[in-house]
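Undergrad: Please read through the structure below; I'll follow up with questions.
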Amino acid sequence: MKPALVVQDLDHSYGQRHILDRVSFSVDQGEFFIVLGPNGSGKTTLIKAASGAVRAQKGLVEILGHPLRTYSGRALARTIAVVPQSAPPDIPFTVAEVVLMGRSPHLGLLGLERRRDRDIARQAMSFTHVEHLAERKLDELSAGERQRALLARAVCQQPRIIVLDEPTASLDPAHQVHIMDLMEGLRREEGITVVMVSHDLNLAALYADRLLLLKEGRVVSLGTPAEVLVFETLERAYGCVLLVDENPLKKVPRVTVVPENLLTGHTKSSRAMGKGPGGSP
Amino acid sequence: MNTTPLPISFLKRMLAVCLLLALLLMISAFLGLSIGSAGQNMKQVLAVLFGHGERDPTTANILWRIRLPRVFLAALVGSTLSLGGLVFQALLRNSLAEPYILGISGGSAVGAITGILLGLSRFPGVASLAFAGSMLTLFPVLAVGSGRAAMRKDALVLAGVMVNAFCSSAIMFLLSLTQDSRLHNILFWLMGDLSLSDPNQVLVLALTLFPCFALLFLLARPMNLLLMGEDTAANLGVNVRLISIVLLVVTSFMVSATVCHSGLLGFVGLVMPHLLRLSFGPDHRLLVPACILGGGAYLVLCDLLSRSLPAQGEMPVGVITAMIGAPLFIFLLQRSKP
């Protein structure tokens, strides 16, 4: 089976700033893949380049075995759905209207939806539990409901790959788990490949098959949660002390932040030697 | 299992809205045809229109040669300006955007007056200069609309005020260079005037505008998607840059074409899109045809007022549209979020 996504030697810079530096990885079909890294490490640019929103200056992206540039805009939209980090706050449409927009790349010139499209939209809404909100305006929803509505739009697109940029940011724990469970369900039931950017190391450890850890545009580590979430690696990437032990629920690493006043001798000295918090310029 | 109703078939809704507004346009057009300074009675007008009873040749002449082109021109200009407002509001995500307020109309007027004073023919000379003028005013609008100031809705409006101030001075400068009898005509035309409607020219205008209307209807869905944010629109297969450029160029082209015929009509593009959005929701596939029909009806009625309100003669229709539109603008500005 061809990999869902292949990224090879991706290079990108904005002006003088190097954002991505020879990044390479591949994601298998049906895999749950999470990209981690400190703020400003290039995660968002990476998934934008991988999903065709940004054209990287150098390197190759292949989607389901075909180079990215061979896809038309609509063909790409039928293959990859992207849930961006933030949507405009003033979207005037109802949930049902927004979800139906996911059918756009499947429609004809006049853009009229058929019954089948409405059925798919309804299924997508019921999948992310927003059916009861169908007639509500998007700007009347809570953050969690809003994120589920935007997720339903992506599901309605019927993609092979779904790409999400920090979908759980600014959500409470219940909503975070809900979103992650929905993505896991999508992967399990539909075989959809999930590629996600996250800051939550513990959620990543619990849900991801593999992780990619990025710092200053370079790959620091790539592998299973147990391989990536290691004390030394995390300290190198984030420039701070993170305690790693085993999650009691599942044999995956558990990461705990350590407040300044609880730092012990060893860790304090390593910070004093100039390995202070880094990452973002 | 599923009982939640999804929006009823879009086609049915669109048909209902279009029928309603088409009816409104027809009634306005009928009123526009029937009422005028020559003072025919309704019976004579009906006789001419529907071809029964006794037809009075004078009435027929007035109706077909004078009033019909004028009503038709008013409807075309109303449709165009409403669409212009709709497109700019969607593209710039700003509820206050409109061709007149942004200075697009002003730029066209500068171009058109330059053409008139150079003694060019109306088509293609004056029309292409008007188009060039409108394109030039797009640059400051886009610079503000896409730059750091885009976050602030009033920045765009301020830029428009400045563009308009600049255009007004340019117009005054050009006018001060002329001494001849054209001055009064140009001034009257500037205020928004529909009285100089030559049937052939109105027909040419219609043939120019109808393809633009059709194109905007095809772009209605991408306009919806643009409201979801550029990232999402791109991910749904919209070529954001191409669509934005096409929308801007087509709209400026339409607006400059109408400015050549009718001068500066303010706020039409503000009143109608807001009214229609309030009544029928934010879906552009519905709003584009609604603006064509409703905007047409609106300006036909405004023109009727401008013809019938003064005891003698008439006033420019731009006076009426500004008197309705400017207070609405203030209201929207006061309500808009920072």
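Going by the structure tokens order, chains are called A, B, ..., each with residues numbered from 1, while ligands are numbered from 1 in the order shown.
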Give me, as JSON lines, each residue of chain B that comes within 8 Å of chain A, together with its shortest interatomic pair and the distance in Å at one decimal, counting only C-alpha atoms, with rows ordered by chain and rising residue number.

TA:
```
{"residue": "B:Thr4", "atom": "CA", "partner": "A:Glu131", "partner_atom": "CA", "distance": 6.9}
{"residue": "B:Leu6", "atom": "CA", "partner": "A:Ala96", "partner_atom": "CA", "distance": 6.8}
{"residue": "B:Pro7", "atom": "CA", "partner": "A:Ala96", "partner_atom": "CA", "distance": 7.5}
{"residue": "B:Phe10", "atom": "CA", "partner": "A:Leu112", "partner_atom": "CA", "distance": 7.6}
{"residue": "B:Leu11", "atom": "CA", "partner": "A:Leu112", "partner_atom": "CA", "distance": 7.9}
{"residue": "B:Leu218", "atom": "CA", "partner": "A:Leu110", "partner_atom": "CA", "distance": 6.2}
{"residue": "B:Arg221", "atom": "CA", "partner": "A:Gly111", "partner_atom": "CA", "distance": 6.6}
{"residue": "B:Leu225", "atom": "CA", "partner": "A:Met101", "partner_atom": "CA", "distance": 7.2}
{"residue": "B:Leu227", "atom": "CA", "partner": "A:Ile91", "partner_atom": "CA", "distance": 6.3}
{"residue": "B:Met228", "atom": "CA", "partner": "A:Ile91", "partner_atom": "CA", "distance": 6.1}
{"residue": "B:Gly229", "atom": "CA", "partner": "A:Pro88", "partner_atom": "CA", "distance": 5.8}
{"residue": "B:Asp231", "atom": "CA", "partner": "A:Pro84", "partner_atom": "CA", "distance": 6.8}
{"residue": "B:Thr232", "atom": "CA", "partner": "A:Pro84", "partner_atom": "CA", "distance": 7.0}
{"residue": "B:Ala234", "atom": "CA", "partner": "A:Ala53", "partner_atom": "CA", "distance": 7.0}
{"residue": "B:Asn235", "atom": "CA", "partner": "A:Ala77", "partner_atom": "CA", "distance": 5.7}
{"residue": "B:Leu236", "atom": "CA", "partner": "A:Ala77", "partner_atom": "CA", "distance": 5.2}
{"residue": "B:Gly237", "atom": "CA", "partner": "A:Arg74", "partner_atom": "CA", "distance": 4.3}
{"residue": "B:Val238", "atom": "CA", "partner": "A:Gly73", "partner_atom": "CA", "distance": 6.7}
{"residue": "B:Asn239", "atom": "CA", "partner": "A:Gly73", "partner_atom": "CA", "distance": 7.1}
{"residue": "B:Pro282", "atom": "CA", "partner": "A:Pro92", "partner_atom": "CA", "distance": 6.3}
{"residue": "B:Asp283", "atom": "CA", "partner": "A:Phe93", "partner_atom": "CA", "distance": 7.7}
```

Undergrad: If we count only C-alpha atoms, what is near B:Ser244 at a cut-off of 8 Å, once residues fewer than 4 positions away on the same chain are taken out, given as an NGL selection string?

TA: :B and (91 or 240 or 248)

Undergrad: Restricting the calculation to only C-alpha atoms, which member of A:Lys43, A:Arg254, A:Arg22, A:Arg69 is positioned closest to A:Asp165?

TA: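 Once distances to A:Asp165 are computed over only C-alpha atoms, the minimum belongs to A:Lys43.
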
Undergrad: Could you tell me which of B:Leu129, B:Val204, B:Val268, B:Cys291 comes closest to B:Ala112 if we count only C-alpha atoms?

TA: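 Smallest separation from B:Ala112 among the options: B:Leu129.
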
Undergrad: When you look at stretch 251-253 of chain A with a cut-off of 12 Å (counting only C-alpha atoms), what residues show up, excluding the ones that are within fewer than 4 positions of it in the same chain? I need them as a PyMOL selection string.

TA: chain A and resi 201-210+224-231+234+242-247

Undergrad: List the spatial neighbours of B:Ser262 as a ChimeraX atom specification - criterion: any atom at most 7 Å away, only C-alpha atoms, same-chain residues fewer than 3 positions off excluded.

TA: /B:189,192-194,258-259

Undergrad: Skip B:Arg335 itself and residues of its chain fewer than 4 positions away, then list as a ChimeraX atom specification all residues within 12 Å of it, counting only C-alpha atoms.

TA: /B:95-96,153,328-331

Undergrad: Choose the residue, out of A:Ser13, A:Gln29, A:Thr264, A:Asn39, that has the smallest atom-to-atom separation from A:Leu214; count only C-alpha atoms.

TA: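 For A:Leu214, the nearest of the given residues is A:Asn39.
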
Undergrad: Got a sec to tell me which of stretch 15-254 of chain B DSSP assigns to alpha helix (DSSP H), as a PyMOL selection string?

TA: chain B and resi 15-34+42-50+57-61+68-91+99-102+104-117+127-146+153-176+182-190+199-218+220-226+230-235+240-254

Undergrad: Return the single residue from B:Ser306, B:Asn200, B:Ser279, B:Ser252 that is closest to B:Glu98, with distances computed using only C-alpha atoms.

TA: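 Result for the nearest residue to B:Glu98: B:Ser252.
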
Undergrad: Neighbouring residues of B:Cys18 were defined as those with any atom within 12 Å, considering only C-alpha atoms; residues of the same chain fewer than 5 positions away were excluded. Please report them as JSON, numbers by chain.

TA: {"B": [11, 12, 13, 23, 24, 25, 26, 276, 280, 285, 286, 287, 288, 289, 290, 291, 292, 293, 294]}

Undergrad: Which distance in Å separates atom CA of B:Leu305 and atom CA of B:Leu33, to one decimal?

TA: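 Computing it gives 12.7 Å between the two atoms.
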